[in-house]
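Q: Contents are PDB, C-alpha atoms; file name structure.pdb:
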ATOM      1  CA  MET Q   1     -38.297 -30.514  90.327  1.00  0.00           C
ATOM      2  CA  LEU Q   2     -37.162 -30.187  86.684  1.00  0.00           C
ATOM      3  CA  GLU Q   3     -40.563 -28.865  85.614  1.00  0.00           C
ATOM      4  CA  CYS Q   4     -41.167 -26.694  88.688  1.00  0.00           C
ATOM      5  CA  LYS Q   5     -42.163 -23.036  88.539  1.00  0.00           C
ATOM      6  CA  PRO Q   6     -39.178 -20.757  89.371  1.00  0.00           C
ATOM      7  CA  CYS Q   7     -39.412 -18.292  92.267  1.00  0.00           C
ATOM      8  CA  LYS Q   8     -37.627 -14.983  92.904  1.00  0.00           C
ATOM      9  CA  THR Q   9     -36.209 -15.608  96.395  1.00  0.00           C
ATOM     10  CA  PRO Q  10     -34.777 -18.718  98.081  1.00  0.00           C
ATOM     11  CA  VAL Q  11     -36.656 -18.059 101.349  1.00  0.00           C
ATOM     12  CA  ALA Q  12     -40.017 -16.336 101.576  1.00  0.00           C
ATOM     13  CA  TYR Q  13     -40.289 -13.265 103.777  1.00  0.00           C
ATOM     14  CA  GLY Q  14     -42.359 -13.643 106.914  1.00  0.00           C
ATOM     15  CA  LYS Q  15     -42.596 -15.840 109.978  1.00  0.00           C
ATOM     16  CA  ARG Q  16     -39.759 -18.316 110.310  1.00  0.00           C
ATOM     17  CA  ALA Q  17     -40.418 -22.017 110.542  1.00  0.00           C
ATOM     18  CA  SER Q  18     -40.060 -23.740 113.875  1.00  0.00           C
ATOM     19  CA  LEU Q  19     -38.755 -27.198 114.673  1.00  0.00           C
ATOM     20  CA  TYR Q  20     -42.328 -28.148 115.522  1.00  0.00           C
ATOM     21  CA  ASP Q  21     -44.146 -26.895 112.390  1.00  0.00           C
ATOM     22  CA  GLY Q  22     -45.771 -29.528 110.201  1.00  0.00           C
ATOM     23  CA  THR Q  23     -45.885 -33.314 110.211  1.00  0.00           C
ATOM     24  CA  LEU Q  24     -42.751 -35.415 110.594  1.00  0.00           C
ATOM     25  CA  LEU Q  25     -41.518 -36.962 107.351  1.00  0.00           C
ATOM     26  CA  THR Q  26     -41.600 -40.751 107.130  1.00  0.00           C
ATOM     27  CA  ASP Q  27     -38.404 -40.687 105.026  1.00  0.00           C
ATOM     28  CA  ALA Q  28     -36.040 -38.212 106.694  1.00  0.00           C
ATOM     29  CA  ALA Q  29     -33.113 -39.543 104.632  1.00  0.00           C
ATOM     30  CA  SER Q  30     -34.514 -38.012 101.435  1.00  0.00           C
ATOM     31  CA  TYR Q  31     -34.685 -34.586 103.126  1.00  0.00           C
ATOM     32  CA  ARG Q  32     -31.112 -34.932 104.370  1.00  0.00           C
ATOM     33  CA  SER Q  33     -29.956 -35.963 100.904  1.00  0.00           C
ATOM     34  CA  LEU Q  34     -31.702 -32.982  99.315  1.00  0.00           C
ATOM     35  CA  VAL Q  35     -30.225 -30.491 101.782  1.00  0.00           C
ATOM     36  CA  GLY Q  36     -26.792 -32.103 101.429  1.00  0.00           C
ATOM     37  CA  GLY Q  37     -26.960 -31.590  97.679  1.00  0.00           C
ATOM     38  CA  ILE Q  38     -27.998 -27.964  98.105  1.00  0.00           C
ATOM     39  CA  GLN Q  39     -25.003 -27.418 100.405  1.00  0.00           C
ATOM     40  CA  TYR Q  40     -22.669 -28.072  97.457  1.00  0.00           C
ATOM     41  CA  LEU Q  41     -24.321 -25.215  95.555  1.00  0.00           C
ATOM     42  CA  ASN Q  42     -23.516 -22.906  98.456  1.00  0.00           C
ATOM     43  CA  MET Q  43     -19.802 -23.097  97.571  1.00  0.00           C
ATOM     44  CA  SER Q  44     -20.325 -21.043  94.419  1.00  0.00           C
ATOM     45  CA  ARG Q  45     -23.636 -19.327  95.154  1.00  0.00           C
ATOM     46  CA  PRO Q  46     -23.381 -16.859  98.053  1.00  0.00           C
ATOM     47  CA  ASP Q  47     -27.023 -15.899  97.511  1.00  0.00           C
ATOM     48  CA  LEU Q  48     -27.980 -19.311  98.911  1.00  0.00           C
ATOM     49  CA  SER Q  49     -25.958 -19.020 102.105  1.00  0.00           C
ATOM     50  CA  PHE Q  50     -28.774 -17.973 104.448  1.00  0.00           C
ATOM     51  CA  ALA Q  51     -31.294 -20.365 102.917  1.00  0.00           C
ATOM     52  CA  VAL Q  52     -28.932 -23.353 103.182  1.00  0.00           C
ATOM     53  CA  ASN Q  53     -28.137 -22.485 106.805  1.00  0.00           C
ATOM     54  CA  TYR Q  54     -31.856 -22.191 107.483  1.00  0.00           C
ATOM     55  CA  VAL Q  55     -32.945 -25.582 106.118  1.00  0.00           C
ATOM     56  CA  SER Q  56     -29.883 -27.319 107.602  1.00  0.00           C
ATOM     57  CA  GLN Q  57     -31.196 -26.558 111.092  1.00  0.00           C
ATOM     58  CA  PHE Q  58     -34.025 -29.072 110.625  1.00  0.00           C
ATOM     59  CA  MET Q  59     -31.939 -32.108 109.626  1.00  0.00           C
ATOM     60  CA  HIS Q  60     -32.576 -34.162 112.770  1.00  0.00           C
ATOM     61  CA  GLN Q  61     -36.419 -33.974 112.621  1.00  0.00           C
ATOM     62  CA  PRO Q  62     -37.595 -32.721 109.222  1.00  0.00           C
ATOM     63  CA  THR Q  63     -41.267 -32.067 108.569  1.00  0.00           C
ATOM     64  CA  ASP Q  64     -43.327 -31.422 105.460  1.00  0.00           C
ATOM     65  CA  VAL Q  65     -42.978 -27.660 106.081  1.00  0.00           C
ATOM     66  CA  HIS Q  66     -39.180 -27.975 106.106  1.00  0.00           C
ATOM     67  CA  LEU Q  67     -39.293 -30.018 102.884  1.00  0.00           C
ATOM     68  CA  GLN Q  68     -41.274 -27.226 101.221  1.00  0.00           C
ATOM     69  CA  LEU Q  69     -38.585 -24.733 102.330  1.00  0.00           C
ATOM     70  CA  ALA Q  70     -35.868 -26.899 100.758  1.00  0.00           C
ATOM     71  CA  LYS Q  71     -37.880 -27.265  97.552  1.00  0.00           C
ATOM     72  CA  SER Q  72     -38.306 -23.483  97.356  1.00  0.00           C
ATOM     73  CA  ILE Q  73     -34.506 -23.201  97.234  1.00  0.00           C
ATOM     74  CA  LEU Q  74     -34.499 -25.525  94.221  1.00  0.00           C
ATOM     75  CA  ARG Q  75     -37.217 -23.416  92.590  1.00  0.00           C
ATOM     76  CA  TYR Q  76     -35.061 -20.326  93.153  1.00  0.00           C
ATOM     77  CA  VAL Q  77     -32.011 -22.055  91.671  1.00  0.00           C
ATOM     78  CA  LYS Q  78     -34.019 -22.989  88.588  1.00  0.00           C
ATOM     79  CA  GLY Q  79     -34.937 -19.325  88.082  1.00  0.00           C
ATOM     80  CA  SER Q  80     -31.388 -18.071  88.584  1.00  0.00           C
ATOM     81  CA  LEU Q  81     -29.218 -20.572  86.701  1.00  0.00           C
ATOM     82  CA  GLY Q  82     -26.881 -17.882  85.319  1.00  0.00           C
ATOM     83  CA  SER Q  83     -26.007 -16.563  88.787  1.00  0.00           C
ATOM     84  CA  GLY Q  84     -22.832 -17.305  90.670  1.00  0.00           C
ATOM     85  CA  ILE Q  85     -19.471 -15.823  91.509  1.00  0.00           C
ATOM     86  CA  LYS Q  86     -18.004 -13.643  88.792  1.00  0.00           C
ATOM     87  CA  PHE Q  87     -14.531 -12.167  89.087  1.00  0.00           C
ATOM     88  CA  LYS Q  88     -13.853  -8.760  87.572  1.00  0.00           C
ATOM     89  CA  PRO Q  89     -10.501  -7.146  86.885  1.00  0.00           C
ATOM     90  CA  GLY Q  90      -9.701  -4.270  89.170  1.00  0.00           C
ATOM     91  CA  ASP Q  91      -7.689  -3.062  92.112  1.00  0.00           C
ATOM     92  CA  CYS Q  92      -7.484  -6.042  94.479  1.00  0.00           C
ATOM     93  CA  THR Q  93      -5.334  -4.362  97.116  1.00  0.00           C
ATOM     94  CA  THR Q  94      -8.305  -3.214  99.192  1.00  0.00           C
ATOM     95  CA  ILE Q  95     -10.306  -5.493 101.465  1.00  0.00           C
ATOM     96  CA  SER Q  96     -13.814  -4.427 102.423  1.00  0.00           C
ATOM     97  CA  ALA Q  97     -16.448  -6.308 104.375  1.00  0.00           C
ATOM     98  CA  TYR Q  98     -20.104  -6.067 105.283  1.00  0.00           C
ATOM     99  CA  SER Q  99     -21.945  -7.794 108.101  1.00  0.00           C
ATOM    100  CA  ASP Q 100     -25.433  -7.972 109.504  1.00  0.00           C
ATOM    101  CA  SER Q 101     -27.425  -9.951 112.013  1.00  0.00           C
ATOM    102  CA  ASP Q 102     -30.981 -10.421 113.026  1.00  0.00           C
ATOM    103  CA  TRP Q 103     -31.944 -10.342 116.672  1.00  0.00           C
ATOM    104  CA  ALA Q 104     -33.464 -13.472 118.173  1.00  0.00           C
ATOM    105  CA  GLY Q 105     -34.521 -14.663 114.713  1.00  0.00           C
ATOM    106  CA  CYS Q 106     -34.840 -18.339 115.621  1.00  0.00           C
ATOM    107  CA  PRO Q 107     -38.315 -18.920 117.114  1.00  0.00           C
ATOM    108  CA  ASP Q 108     -37.133 -21.978 119.059  1.00  0.00           C
ATOM    109  CA  THR Q 109     -33.825 -20.883 120.624  1.00  0.00           C
ATOM    110  CA  ARG Q 110     -34.068 -17.058 120.237  1.00  0.00           C
ATOM    111  CA  LYS Q 111     -30.517 -17.077 118.834  1.00  0.00           C
ATOM    112  CA  SER Q 112     -29.497 -14.547 116.200  1.00  0.00           C
ATOM    113  CA  THR Q 113     -28.092 -15.260 112.744  1.00  0.00           C
ATOM    114  CA  THR Q 114     -24.907 -13.572 111.494  1.00  0.00           C
ATOM    115  CA  GLY Q 115     -24.156 -12.964 107.848  1.00  0.00           C
ATOM    116  CA  TYR Q 116     -21.104 -11.390 106.259  1.00  0.00           C
ATOM    117  CA  CYS Q 117     -19.354 -10.949 102.939  1.00  0.00           C
ATOM    118  CA  VAL Q 118     -15.744  -9.938 102.272  1.00  0.00           C
ATOM    119  CA  PHE Q 119     -14.540  -8.325  99.050  1.00  0.00           C
ATOM    120  CA  MET Q 120     -11.065  -7.925  97.576  1.00  0.00           C
ATOM    121  CA  GLY Q 121     -11.541  -4.941  95.331  1.00  0.00           C
ATOM    122  CA  PRO Q 122     -14.739  -5.653  93.371  1.00  0.00           C
ATOM    123  CA  ASN Q 123     -14.621  -9.431  93.935  1.00  0.00           C
ATOM    124  CA  LEU Q 124     -16.425 -11.436  96.590  1.00  0.00           C
ATOM    125  CA  VAL Q 125     -13.934 -13.813  98.237  1.00  0.00           C
ATOM    126  CA  ALA Q 126     -15.603 -14.941 101.481  1.00  0.00           C
ATOM    127  CA  TRP Q 127     -19.141 -15.152 102.837  1.00  0.00           C
ATOM    128  CA  SER Q 128     -21.047 -16.862 105.609  1.00  0.00           C
ATOM    129  CA  SER Q 129     -24.433 -17.155 107.258  1.00  0.00           C
ATOM    130  CA  LYS Q 130     -24.440 -18.847 110.627  1.00  0.00           C
ATOM    131  CA  LYS Q 131     -26.505 -18.974 113.789  1.00  0.00           C
ATOM    132  CA  GLN Q 132     -24.713 -17.299 116.698  1.00  0.00           C
ATOM    133  CA  PRO Q 133     -23.652 -19.725 119.457  1.00  0.00           C
ATOM    134  CA  THR Q 134     -25.120 -17.656 122.308  1.00  0.00           C
ATOM    135  CA  ILE Q 135     -28.306 -15.670 122.878  1.00  0.00           C
ATOM    136  CA  SER Q 136     -27.921 -11.901 122.522  1.00  0.00           C
ATOM    137  CA  ARG Q 137     -29.691  -9.666 125.015  1.00  0.00           C
ATOM    138  CA  SER Q 138     -30.080  -6.796 122.540  1.00  0.00           C
ATOM    139  CA  SER Q 139     -29.900  -6.085 118.830  1.00  0.00           C
ATOM    140  CA  THR Q 140     -26.700  -4.127 119.494  1.00  0.00           C
ATOM    141  CA  GLU Q 141     -25.073  -7.178 121.072  1.00  0.00           C
ATOM    142  CA  ALA Q 142     -26.106  -9.322 118.090  1.00  0.00           C
ATOM    143  CA  GLU Q 143     -24.586  -6.737 115.696  1.00  0.00           C
ATOM    144  CA  TYR Q 144     -21.317  -6.601 117.692  1.00  0.00           C
ATOM    145  CA  LYS Q 145     -21.045 -10.387 117.548  1.00  0.00           C
ATOM    146  CA  ALA Q 146     -21.546 -10.240 113.759  1.00  0.00           C
ATOM    147  CA  PHE Q 147     -18.910  -7.518 113.497  1.00  0.00           C
ATOM    148  CA  GLU Q 148     -16.435  -9.603 115.526  1.00  0.00           C
ATOM    149  CA  VAL Q 149     -16.844 -12.639 113.256  1.00  0.00           C
ATOM    150  CA  THR Q 150     -16.447 -10.448 110.168  1.00  0.00           C
ATOM    151  CA  ALA Q 151     -13.369  -8.659 111.535  1.00  0.00           C
ATOM    152  CA  THR Q 152     -11.767 -12.024 112.315  1.00  0.00           C
ATOM    153  CA  GLU Q 153     -12.337 -13.183 108.723  1.00  0.00           C
ATOM    154  CA  VAL Q 154     -10.887  -9.944 107.304  1.00  0.00           C
ATOM    155  CA  GLN Q 155      -7.846 -10.271 109.558  1.00  0.00           C
ATOM    156  CA  TRP Q 156      -7.288 -13.895 108.495  1.00  0.00           C
ATOM    157  CA  ILE Q 157      -7.526 -12.979 104.793  1.00  0.00           C
ATOM    158  CA  SER Q 158      -5.105 -10.065 105.223  1.00  0.00           C
ATOM    159  CA  TYR Q 159      -2.596 -12.293 107.069  1.00  0.00           C
ATOM    160  CA  LEU Q 160      -2.858 -14.909 104.313  1.00  0.00           C
ATOM    161  CA  LEU Q 161      -2.290 -12.327 101.587  1.00  0.00           C
ATOM    162  CA  ASN Q 162       0.689 -10.839 103.462  1.00  0.00           C
ATOM    163  CA  GLU Q 163       2.241 -14.311 103.715  1.00  0.00           C
ATOM    164  CA  LEU Q 164       1.776 -14.701  99.972  1.00  0.00           C
ATOM    165  CA  GLY Q 165       3.588 -11.407  99.378  1.00  0.00           C
ATOM    166  CA  PHE Q 166       0.606  -9.179  98.542  1.00  0.00           C
ATOM    167  CA  SER Q 167       0.244  -5.855 100.302  1.00  0.00           C
ATOM    168  CA  VAL Q 168      -3.359  -4.998 101.084  1.00  0.00           C
ATOM    169  CA  THR Q 169      -5.174  -2.086 102.629  1.00  0.00           C
ATOM    170  CA  THR Q 170      -7.820  -2.882 105.212  1.00  0.00           C
ATOM    171  CA  PRO Q 171     -10.392  -0.427 106.493  1.00  0.00           C
TER     172      PRO Q 171
END
As structure tokens, please, write out the structure in this file.

A:
Amino acid sequence: MLECKPCKTPVAYGKRASLYDGTLLTDAASYRSLVGGIQYLNMSRPDLSFAVNYVSQFMHQPTDVHLQLAKSILRYVKGSLGSGIKFKPGDCTTISAYSDSDWAGCPDTRKSTTGYCVFMGPNLVAWSSKKQPTISRSSTEAEYKAFEVTATEVQWISYLLNELGFSVTTP
């Protein structure tokens, strides 16, 4: 993949892949190794969070379609090598958070995916993209579940900072 053509997004917009798309790989270990390596990038690249979550869902029975999805993440990384977490000086006494979810985004289980990011002042300190454990009956329910996960993370961060002696303002 060193000579691959870079792409602008880690996951293409459109229909999501299913567990049953494509032909099963004869060497599933190579797919698992590739996705495992990409997971390490996720620790410093929040822009990969959804994509890594997405391709990790196919670890037990990867197909050629799933391999192409994982390779597209590598193509995106090649085109965005200077990206990552950058800390800026500023007022870090305010915690703000953003969350979102899709509704029934998984074509196989109809479960929704939650994503959130938490900022201390101008700096990103926590992020996640994860499939919700239960099926939501409406888009509102999926959004409330995303909000609950985000609020829990904000509360945990504020408790940690208070224990460390920092006073913070939460919305």

Q: Env of Ser136 (chain Q): 9 Å cut, atoms = all atoms listed in the file, seq-sep filter 3 positions within chain, self excluded. Answer as a PDB file with C-alpha atoms, keeping the file's coordinate frame.

A:
ATOM      1  CA  TRP Q 103     -31.944 -10.342 116.672  1.00  0.00           C
ATOM      2  CA  ALA Q 104     -33.464 -13.472 118.173  1.00  0.00           C
ATOM      3  CA  ARG Q 110     -34.068 -17.058 120.237  1.00  0.00           C
ATOM      4  CA  LYS Q 111     -30.517 -17.077 118.834  1.00  0.00           C
ATOM      5  CA  SER Q 112     -29.497 -14.547 116.200  1.00  0.00           C
ATOM      6  CA  GLN Q 132     -24.713 -17.299 116.698  1.00  0.00           C
ATOM      7  CA  SER Q 139     -29.900  -6.085 118.830  1.00  0.00           C
ATOM      8  CA  THR Q 140     -26.700  -4.127 119.494  1.00  0.00           C
ATOM      9  CA  GLU Q 141     -25.073  -7.178 121.072  1.00  0.00           C
ATOM     10  CA  ALA Q 142     -26.106  -9.322 118.090  1.00  0.00           C
ATOM     11  CA  LYS Q 145     -21.045 -10.387 117.548  1.00  0.00           C
TER      12      LYS Q 145
END

Q: Starting from the displayed file, determine the output of the PyMOL selection byres ((chain Q and resi 92) around 7) and express the residue list as a ChimeraX atom specification.

A: /Q:90-91,93-94,120-121

Q: Measuring between only C-alpha atoms, which one of Q:Gly36, Q:Pro133, Q:Pro10, Q:Pro122 shows the shortest distance to Phe87 (chain Q)?

A: Q:Pro122

Q: Enter the distance from CA of Thr109 (chain Q) to CA of Glu153 (chain Q), in Å, rounded to one decimal.

A: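 Answer for the CA of Thr109 (chain Q) to CA of Glu153 (chain Q) separation: 25.7 Å.
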
Q: Would you kindly translate the PyMOL selection byres ((chain Q and resi 21-35) around 8) into the concrete residues it picks from this file, as a list in words?

A: Ala17, Ser18, Leu19, Tyr20, Gly36, Gly37, Ile38, Gln39, Val52, Val55, Ser56, Met59, Gln61, Pro62, Thr63, Asp64, Val65, His66, Leu67 and Ala70 of chain Q

Q: From the set Q:Gly115, Q:Pro6, Q:Gly165, Q:Gly79, which residue has the shortest atom-to-atom contact distance to Trp127 (chain Q), counting all atoms listed in the file?

A: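 Counting all atoms listed in the file, the residue closest to Trp127 (chain Q) is Q:Gly115.
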
Q: Could you work out an axis-aligned box for region 21-28 of chain Q, taking every atom the file lists and adding 5 Å on each side, and report centre and edge lengths in Å to one decimal, as JSON?

A:
{"center_x": -41.0, "center_y": -33.8, "center_z": 108.7, "size_x": 19.8, "size_y": 23.9, "size_z": 17.4}

Q: At what distance in Å, to one decimal, does CA of Thr169 (chain Q) lie from CA of Ser101 (chain Q)?

A: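 Result for CA of Ser101 (chain Q) versus CA of Thr169 (chain Q): 25.4 Å, one decimal.
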
Q: What does the distance from CA of Lys78 (chain Q) to CA of Phe58 (chain Q) come to in Å, to one decimal?

A: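 That distance, rounded to one decimal, is 22.9 Å.
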
Q: Would you be able to write out as a tab-separated table (two decimals) with C-alpha atoms, keeping the file's coordinate frame which residues have an atom within 12 Å of (-30.8, -22.3, 86.7) in the file's coordinates, counting all atoms listed in the file?

A:
chain	number	residue	atom	x	y	z
Q	1	MET	CA	-38.30	-30.51	90.33
Q	2	LEU	CA	-37.16	-30.19	86.68
Q	3	GLU	CA	-40.56	-28.86	85.61
Q	4	CYS	CA	-41.17	-26.69	88.69
Q	5	LYS	CA	-42.16	-23.04	88.54
Q	6	PRO	CA	-39.18	-20.76	89.37
Q	7	CYS	CA	-39.41	-18.29	92.27
Q	8	LYS	CA	-37.63	-14.98	92.90
Q	41	LEU	CA	-24.32	-25.22	95.56
Q	45	ARG	CA	-23.64	-19.33	95.15
Q	73	ILE	CA	-34.51	-23.20	97.23
Q	74	LEU	CA	-34.50	-25.52	94.22
Q	75	ARG	CA	-37.22	-23.42	92.59
Q	76	TYR	CA	-35.06	-20.33	93.15
Q	77	VAL	CA	-32.01	-22.06	91.67
Q	78	LYS	CA	-34.02	-22.99	88.59
Q	79	GLY	CA	-34.94	-19.32	88.08
Q	80	SER	CA	-31.39	-18.07	88.58
Q	81	LEU	CA	-29.22	-20.57	86.70
Q	82	GLY	CA	-26.88	-17.88	85.32
Q	83	SER	CA	-26.01	-16.56	88.79
Q	84	GLY	CA	-22.83	-17.30	90.67

Q: Mind telling me what the PyMOL selection byres ((chain Q and resi 154) around 10) catches here, as a PyMOL selection string?

A: chain Q and resi 95-97+117-120+126+148-153+155-160+170-171

Q: Considering all atoms listed in the file, can you say which of Q:Asn162, Q:Ser129, Q:Thr134, Q:Asn123 comes closest to Lys86 (chain Q)?

A: Q:Asn123

Q: Using all atoms listed in the file, which residue out of Q:Thr114, Q:Asn53, Q:Ser99, Q:Ser72 lies closest to Ala12 (chain Q)?

A: Q:Ser72

Q: Counting all atoms listed in the file, which of Q:Cys106, Q:Ile85, Q:Ile135, Q:Leu164 gets nearest to Met43 (chain Q)?

A: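 Using all atoms listed in the file, Met43 (chain Q) sits closest to Q:Ile85.
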